[in-house]
Structure formats: C-alpha cells, structure tokens
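**Q** Next comes the structure file model-v4.txt, holding compact mmCIF, C-alpha atoms.
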# COMPACT_ATOMS: atom_id res chain seq x y z
CA MET A 1 14.22 -9.87 25.20
CA ASN A 2 15.71 -7.83 22.37
CA ARG A 3 16.28 -9.67 19.15
CA LYS A 4 17.99 -8.68 15.94
CA PRO A 5 15.65 -6.62 13.71
CA LEU A 6 13.94 -8.60 10.96
CA PHE A 7 13.94 -7.21 7.39
CA PHE A 8 11.12 -7.87 4.91
CA GLN A 9 10.63 -6.98 1.27
CA ILE A 10 8.04 -7.60 -1.42
CA GLU A 11 7.88 -6.40 -5.00
CA ARG A 12 4.71 -7.07 -6.97
CA ASP A 13 3.08 -5.20 -9.81
CA GLY A 14 5.99 -2.75 -9.97
CA PHE A 15 5.71 -1.62 -6.34
CA LYS A 16 8.50 -2.51 -3.94
CA VAL A 17 7.59 -2.26 -0.25
CA GLU A 18 10.07 -2.91 2.55
CA ALA A 19 9.79 -3.23 6.32
CA LEU A 20 11.91 -3.59 9.40
CA CYS A 21 10.52 -5.14 12.59
CA HIS A 22 12.40 -4.72 15.84
CA GLN A 23 11.30 -6.52 18.99
CA MET A 24 11.89 -4.44 22.11
CA GLY A 25 11.09 -6.59 25.12
CA SER A 26 7.54 -7.75 24.46
CA ASP A 27 6.81 -4.73 22.21
CA TYR A 28 7.39 -4.22 18.47
CA LEU A 29 8.61 -1.26 16.44
CA VAL A 30 7.85 -1.57 12.71
CA SER A 31 8.86 0.73 9.87
CA ILE A 32 7.35 0.35 6.41
CA TRP A 33 8.51 2.23 3.33
CA GLY A 34 8.28 2.20 -0.43
CA GLY A 35 8.84 4.42 -3.43
CA GLU A 36 10.27 7.65 -2.06
CA ALA A 37 10.85 6.61 1.56
CA HIS A 38 9.86 9.02 4.33
CA ILE A 39 7.76 9.11 7.51
CA GLY A 40 4.19 10.09 6.74
CA ALA A 41 2.34 8.68 9.74
CA VAL A 42 2.89 6.79 12.97
CA ALA A 43 0.46 4.64 14.97
CA MET A 44 0.79 3.14 18.41
CA ALA A 45 -1.53 0.23 19.23
CA GLN A 46 -2.12 -1.79 22.36
CA SER A 47 -3.95 -5.10 22.56
CA ARG A 48 -7.04 -5.39 24.73
CA ASP A 49 -10.12 -7.56 25.18
CA SER A 50 -12.60 -7.17 22.34
CA LEU A 51 -15.50 -4.90 23.25
CA GLN A 52 -17.88 -7.29 21.45
CA ASP A 53 -16.46 -10.58 22.74
CA SER A 54 -14.15 -10.53 25.75
CA SER A 55 -12.81 -13.97 24.84
CA LYS A 56 -11.13 -12.41 21.77
CA ARG A 57 -8.27 -9.94 21.48
CA SER A 58 -8.58 -6.60 19.75
CA ALA A 59 -6.54 -3.38 19.81
CA THR A 60 -6.81 0.36 20.13
CA ALA A 61 -4.49 2.74 18.29
CA SER A 62 -3.47 6.38 18.41
CA VAL A 63 -2.31 7.91 15.13
CA PHE A 64 -0.12 10.88 14.24
CA CYS A 65 -0.04 11.97 10.60
CA TYR A 66 2.00 14.73 8.98
CA VAL A 67 0.01 17.32 7.02
CA GLY A 68 -0.58 16.20 3.44
CA HIS A 69 0.26 12.56 4.06
CA LYS A 70 -2.17 9.70 3.66
CA GLU A 71 -0.57 6.80 5.51
CA ASP A 72 -2.72 7.34 8.63
CA GLN A 73 -5.33 4.65 7.93
CA LEU A 74 -2.65 2.18 6.83
CA VAL A 75 -0.55 2.53 10.01
CA LYS A 76 -3.68 2.33 12.18
CA GLU A 77 -4.82 -0.91 10.56
CA VAL A 78 -1.34 -2.48 10.58
CA SER A 79 -0.63 -1.57 14.20
CA GLU A 80 -4.03 -2.80 15.41
CA GLN A 81 -3.74 -6.05 13.44
CA MET A 82 -0.27 -6.77 14.79
CA ALA A 83 -1.13 -5.74 18.36
CA SER A 84 -4.25 -7.89 18.54
CA THR A 85 -2.63 -10.88 16.80
CA LEU A 86 0.61 -10.77 18.82
CA ASP A 87 -1.05 -9.53 22.05
CA ALA A 88 1.56 -6.78 22.29
CA LYS A 89 2.16 -3.05 22.05
CA VAL A 90 3.09 -2.18 18.46
CA THR A 91 4.32 1.09 16.95
CA VAL A 92 4.26 1.45 13.16
CA ALA A 93 5.85 4.26 11.15
CA ALA A 94 5.25 4.34 7.42
CA GLY A 95 6.07 6.39 4.38
CA LEU A 96 5.06 5.23 0.92
CA HIS A 97 5.19 7.59 -2.04
CA TRP A 98 5.08 7.23 -5.79
CA ASP A 99 4.47 10.32 -7.95
CA ASN A 100 1.12 10.44 -9.74
CA LEU A 101 -0.06 7.15 -8.23
CA ALA A 102 -3.41 6.13 -9.74
CA PRO A 103 -6.16 4.59 -7.56
CA GLU A 104 -5.25 1.13 -8.91
CA GLY A 105 -1.69 1.73 -7.72
CA VAL A 106 -2.91 2.55 -4.23
CA VAL A 107 -4.77 -0.78 -4.19
CA LYS A 108 -1.63 -2.65 -5.33
CA VAL A 109 0.58 -0.94 -2.73
CA THR A 110 -1.95 -1.72 0.01
CA GLU A 111 -2.06 -5.36 -1.09
CA ASN A 112 1.76 -5.48 -0.92
CA VAL A 113 1.73 -3.98 2.58
CA ASN A 114 -0.85 -6.54 3.72
CA LEU A 115 1.25 -9.41 2.36
CA LEU A 116 4.33 -7.97 4.06
CA VAL A 117 2.50 -7.66 7.39
CA ALA A 118 1.36 -11.28 7.14
CA ASP A 119 5.01 -12.26 6.61
CA ILE A 120 6.07 -10.17 9.62
CA ILE A 121 3.47 -11.76 11.91
CA LYS A 122 4.41 -15.25 10.73
CA ALA A 123 8.14 -14.61 11.27
CA VAL A 124 7.61 -13.07 14.72
CA ARG A 125 5.50 -16.06 15.79
CA GLU A 126 8.11 -18.52 14.50
CA ASP A 127 10.91 -16.52 16.15
CA SER A 128 9.05 -16.57 19.48
CA ALA A 129 8.35 -20.31 19.37
What do you get writing this file as structure tokens?
**A**
Amino acid sequence: MNRKPLFFQIERDGFKVEALCHQMGSDYLVSIWGGEAHIGAVAMAQSRDSLQDSSKRSATASVFCYVGHKEDQLVKEVSEQMASTLDAKVTVAAGLHWDNLAPEGVVKVTENVNLLVADIIKAVREDSA
C-alpha cells in the first residue's frame, strides 16, 4: 500500500529539523533535513532477528556518506531504529548543516532528530492501525 507522505517538523533551541516519511508498500523512505538542506548521507536498513535474542527484532544497515559530511552515524542509527521497530526495510537520507556549529549545537540537533523520529514511528504505527 502506498500512502500519502507524512511531513514532520520540530524547532527547539534554535534548530529547526524537518522530515518526510513516505511508505512504499511495506517499506519506508525517510528524508531528514535542517539548516542548509542537502544530502550528506544515506542508510538502508533491514529488520532481522536479534543476534543476542532471537525473540527480539534488530536491524542491519548499509551507509553511504559523501566526503566531508558527518550524517553517517545519524542515518545509520535512525534507519536501524525504524527498521527494527517497524519490522520493515527503511531508507534514510539526511542533510543537516549549520555554519560553525558548536558541540552543544550538535547535541541539540541530534536531540531534535531523535524526537522527530519518535514522532514518525508513532504516526506510522497509528496510520497502520
């Protein structure tokens, strides 16, 4: 089933982060951007049985990152979290850039992304119910 893409947005501590989630059959395509929007990294994750406890779901991801970009860990974590939680294949593309971002800013942006992802998962679950 293909549903209308879902748009998400959060602005906290001066950092606005936006996302679009598109369901494609039983798979999900998610884009996340903020600041100067671009594509810095992409991850593709697939759910699987946990290697430590086969009664739980986990995920494995492959990541592609453009030279000089630092979104690779973020897209890996987001795609694996969504894939294992939704038991689906999930592709995440992200580009987040603010000039001269201090380490505290990176923490704030990451917190905003995590809140946004929680909203996405909640909305997808409600939409599927």
**Q** Between A:Ala41, A:Val78, A:Val113, A:Val67, which is the closest to A:Gly95 once you count all atoms listed in the file?
**A**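 With all atoms listed in the file as the atom set, the closest residue is A:Ala41.
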**Q** Nearest to A:Asp119 among A:Glu36, A:Gly14, A:Cys21, A:Ala83, with distances taken over only C-alpha atoms: which residue is it?
**A** A:Cys21
**Q** Determine the axis-aligned bounding box of all atoms of stretch 28-42 of chain A present in the file, pad each side by 6 Å, and express its centre and edge lengths in Å to one decimal place as lines of an AutoDock Vina configuration file.
**A**
center_x = 6.6
center_y = 2.9
center_z = 7.5
size_x = 20.5
size_y = 26.3
size_z = 33.9
**Q** From (-9.8, -8.4, 25.0), in the file's coordinates, out to 12 Å: which residues are reached, counting all atoms listed in the file? Answer as a list in words.
**A** Gln46, Ser47, Arg48, Asp49, Ser50, Leu51, Gln52, Asp53, Ser54, Ser55, Lys56, Arg57, Ser58, Ala59, Thr60, Ala83, Ser84, Thr85, Asp87 and Ala88 of chain A
**Q** Excluding A:Leu101 and its own-chain neighbours fewer than 5 positions away, which residues fall within 12 Å of it when counting only C-alpha atoms? Please give them as a ChimeraX atom specification.
**A** /A:14-15,35,96,106-109
**Q** Find the residue from A:Lys89, A:Met82, A:Ala123, A:Ile39 that sits nearest to A:His69; use all atoms listed in the file when measuring.
**A**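 When distances to A:His69 are compared using all atoms listed in the file, the smallest one comes from A:Ile39.
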**Q** Limit the output to C-alpha atoms and give chain A as an mmCIF file, in the first residue's frame.
**A**
data_model
loop_
_atom_site.group_PDB
_atom_site.id
_atom_site.type_symbol
_atom_site.label_atom_id
_atom_site.label_comp_id
_atom_site.auth_asym_id
_atom_site.auth_seq_id
_atom_site.Cartn_x
_atom_site.Cartn_y
_atom_site.Cartn_z
ATOM 1 C CA MET A 1 0.000 0.000 0.000
ATOM 2 C CA ASN A 2 1.252 3.484 -0.855
ATOM 3 C CA ARG A 3 0.070 6.244 1.409
ATOM 4 C CA LYS A 4 0.433 9.989 1.217
ATOM 5 C CA PRO A 5 3.854 11.103 2.554
ATOM 6 C CA LEU A 6 3.825 12.341 6.146
ATOM 7 C CA PHE A 7 5.580 15.635 6.999
ATOM 8 C CA PHE A 8 7.183 16.302 10.396
ATOM 9 C CA GLN A 9 8.852 19.337 11.900
ATOM 10 C CA ILE A 10 10.399 20.310 15.215
ATOM 11 C CA GLU A 11 12.096 23.509 16.292
ATOM 12 C CA ARG A 12 13.805 23.566 19.676
ATOM 13 C CA ASP A 13 16.771 25.527 20.959
ATOM 14 C CA GLY A 14 17.009 27.458 17.680
ATOM 15 C CA PHE A 15 17.392 24.369 15.475
ATOM 16 C CA LYS A 16 14.594 23.509 13.067
ATOM 17 C CA VAL A 17 14.640 19.929 11.762
ATOM 18 C CA GLU A 18 12.146 18.609 9.223
ATOM 19 C CA ALA A 19 11.356 15.179 7.816
ATOM 20 C CA LEU A 20 9.240 13.496 5.204
ATOM 21 C CA CYS A 21 8.251 9.829 5.520
ATOM 22 C CA HIS A 22 6.867 8.005 2.518
ATOM 23 C CA GLN A 23 5.511 4.474 2.822
ATOM 24 C CA MET A 24 6.219 2.395 -0.279
ATOM 25 C CA GLY A 25 4.434 -0.918 0.102
ATOM 26 C CA SER A 26 5.744 -2.248 3.402
ATOM 27 C CA ASP A 27 8.967 -0.182 3.135
ATOM 28 C CA TYR A 28 9.723 3.396 4.228
ATOM 29 C CA LEU A 29 11.710 6.200 2.623
ATOM 30 C CA VAL A 30 12.611 8.995 5.058
ATOM 31 C CA SER A 31 14.349 12.297 4.368
ATOM 32 C CA ILE A 32 15.586 14.488 7.209
ATOM 33 C CA TRP A 33 16.957 17.995 6.794
ATOM 34 C CA GLY A 34 17.765 21.125 8.734
ATOM 35 C CA GLY A 35 19.739 24.323 8.461
ATOM 36 C CA GLU A 36 21.186 24.340 4.952
ATOM 37 C CA ALA A 37 19.345 21.341 3.486
ATOM 38 C CA HIS A 38 21.311 18.858 1.380
ATOM 39 C CA ILE A 39 22.020 15.122 1.188
ATOM 40 C CA GLY A 40 25.048 14.212 3.277
ATOM 41 C CA ALA A 41 24.468 10.512 3.903
ATOM 42 C CA VAL A 42 22.049 7.700 3.148
ATOM 43 C CA ALA A 43 21.426 4.464 5.065
ATOM 44 C CA MET A 44 19.406 1.422 4.119
ATOM 45 C CA ALA A 45 18.335 -0.861 6.983
ATOM 46 C CA GLN A 46 16.516 -4.163 7.092
ATOM 47 C CA SER A 47 14.953 -5.741 10.158
ATOM 48 C CA ARG A 48 16.144 -9.144 11.305
ATOM 49 C CA ASP A 49 16.171 -11.357 14.387
ATOM 50 C CA SER A 50 18.472 -10.052 17.102
ATOM 51 C CA LEU A 51 21.792 -11.881 17.194
ATOM 52 C CA GLN A 52 21.653 -11.855 21.016
ATOM 53 C CA ASP A 53 17.990 -12.801 21.458
ATOM 54 C CA SER A 54 16.109 -14.271 18.504
ATOM 55 C CA SER A 55 12.780 -13.377 20.129
ATOM 56 C CA LYS A 56 13.589 -9.676 19.551
ATOM 57 C CA ARG A 57 13.902 -7.656 16.359
ATOM 58 C CA SER A 58 17.030 -5.787 15.383
ATOM 59 C CA ALA A 59 18.346 -4.348 12.114
ATOM 60 C CA THR A 60 21.387 -4.170 9.890
ATOM 61 C CA ALA A 61 22.229 -1.082 7.836
ATOM 62 C CA SER A 62 24.473 -0.122 4.945
ATOM 63 C CA VAL A 63 25.598 3.508 4.827
ATOM 64 C CA PHE A 64 26.806 5.799 2.055
ATOM 65 C CA CYS A 65 28.293 9.140 3.066
ATOM 66 C CA TYR A 66 29.565 11.956 0.860
ATOM 67 C CA VAL A 67 33.135 13.092 1.532
ATOM 68 C CA GLY A 68 33.270 15.711 4.272
ATOM 69 C CA HIS A 69 29.801 15.009 5.612
ATOM 70 C CA LYS A 70 29.063 13.736 9.088
ATOM 71 C CA GLU A 71 25.497 12.457 8.910
ATOM 72 C CA ASP A 72 26.601 8.818 8.503
ATOM 73 C CA GLN A 73 26.158 7.733 12.131
ATOM 74 C CA LEU A 74 22.843 9.586 12.390
ATOM 75 C CA VAL A 75 21.282 7.914 9.322
ATOM 76 C CA LYS A 76 22.570 4.508 10.442
ATOM 77 C CA GLU A 77 21.003 4.842 13.883
ATOM 78 C CA VAL A 78 17.711 6.253 12.566
ATOM 79 C CA SER A 79 17.334 3.623 9.845
ATOM 80 C CA GLU A 80 18.143 0.746 12.216
ATOM 81 C CA GLN A 81 15.790 2.065 14.899
ATOM 82 C CA MET A 82 12.925 2.468 12.448
ATOM 83 C CA ALA A 83 13.573 -0.860 10.704
ATOM 84 C CA SER A 84 13.689 -2.858 13.925
ATOM 85 C CA THR A 85 10.706 -1.052 15.478
ATOM 86 C CA LEU A 86 8.509 -1.212 12.367
ATOM 87 C CA ASP A 87 9.861 -4.603 11.170
ATOM 88 C CA ALA A 88 10.433 -3.115 7.724
ATOM 89 C CA LYS A 89 13.054 -2.025 5.220
ATOM 90 C CA VAL A 90 13.863 1.652 5.791
ATOM 91 C CA THR A 91 15.992 4.059 3.755
ATOM 92 C CA VAL A 92 17.014 7.354 5.364
ATOM 93 C CA ALA A 93 18.657 10.298 3.603
ATOM 94 C CA ALA A 94 19.768 13.231 5.709
ATOM 95 C CA GLY A 95 21.469 16.570 5.385
ATOM 96 C CA LEU A 96 21.799 18.882 8.366
ATOM 97 C CA HIS A 97 24.128 21.871 8.271
ATOM 98 C CA TRP A 98 24.609 24.988 10.333
ATOM 99 C CA ASP A 99 27.803 27.039 9.898
ATOM 100 C CA ASN A 100 30.203 26.986 12.843
ATOM 101 C CA LEU A 101 28.035 24.593 14.854
ATOM 102 C CA ALA A 102 29.488 24.112 18.347
ATOM 103 C CA PRO A 103 29.489 20.665 20.021
ATOM 104 C CA GLU A 104 26.490 21.723 22.139
ATOM 105 C CA GLY A 105 24.635 22.514 18.914
ATOM 106 C CA VAL A 106 25.354 19.047 17.562
ATOM 107 C CA VAL A 107 23.819 17.591 20.740
ATOM 108 C CA LYS A 108 20.712 19.799 20.365
ATOM 109 C CA VAL A 109 20.274 18.887 16.681
ATOM 110 C CA THR A 110 20.644 15.185 17.493
ATOM 111 C CA GLU A 111 18.043 15.506 20.259
ATOM 112 C CA ASN A 112 15.668 17.179 17.781
ATOM 113 C CA VAL A 113 16.214 14.392 15.246
ATOM 114 C CA ASN A 114 15.515 11.757 17.912
ATOM 115 C CA LEU A 115 12.268 13.494 18.907
ATOM 116 C CA LEU A 116 11.271 13.743 15.252
ATOM 117 C CA VAL A 117 11.970 10.037 14.674
ATOM 118 C CA ALA A 118 9.843 9.132 17.703
ATOM 119 C CA ASP A 119 7.016 11.194 16.172
ATOM 120 C CA ILE A 120 7.476 9.446 12.815
ATOM 121 C CA ILE A 121 7.334 5.970 14.368
ATOM 122 C CA LYS A 122 4.254 6.891 16.403
ATOM 123 C CA ALA A 123 2.458 8.323 13.355
ATOM 124 C CA VAL A 124 3.337 5.339 11.148
ATOM 125 C CA ARG A 125 2.034 2.930 13.789
ATOM 126 C CA GLU A 126 -1.195 4.911 14.179
ATOM 127 C CA ASP A 127 -1.588 5.157 10.394
ATOM 128 C CA SER A 128 -1.148 1.383 10.061
ATOM 129 C CA ALA A 129 -3.657 0.548 12.795
#
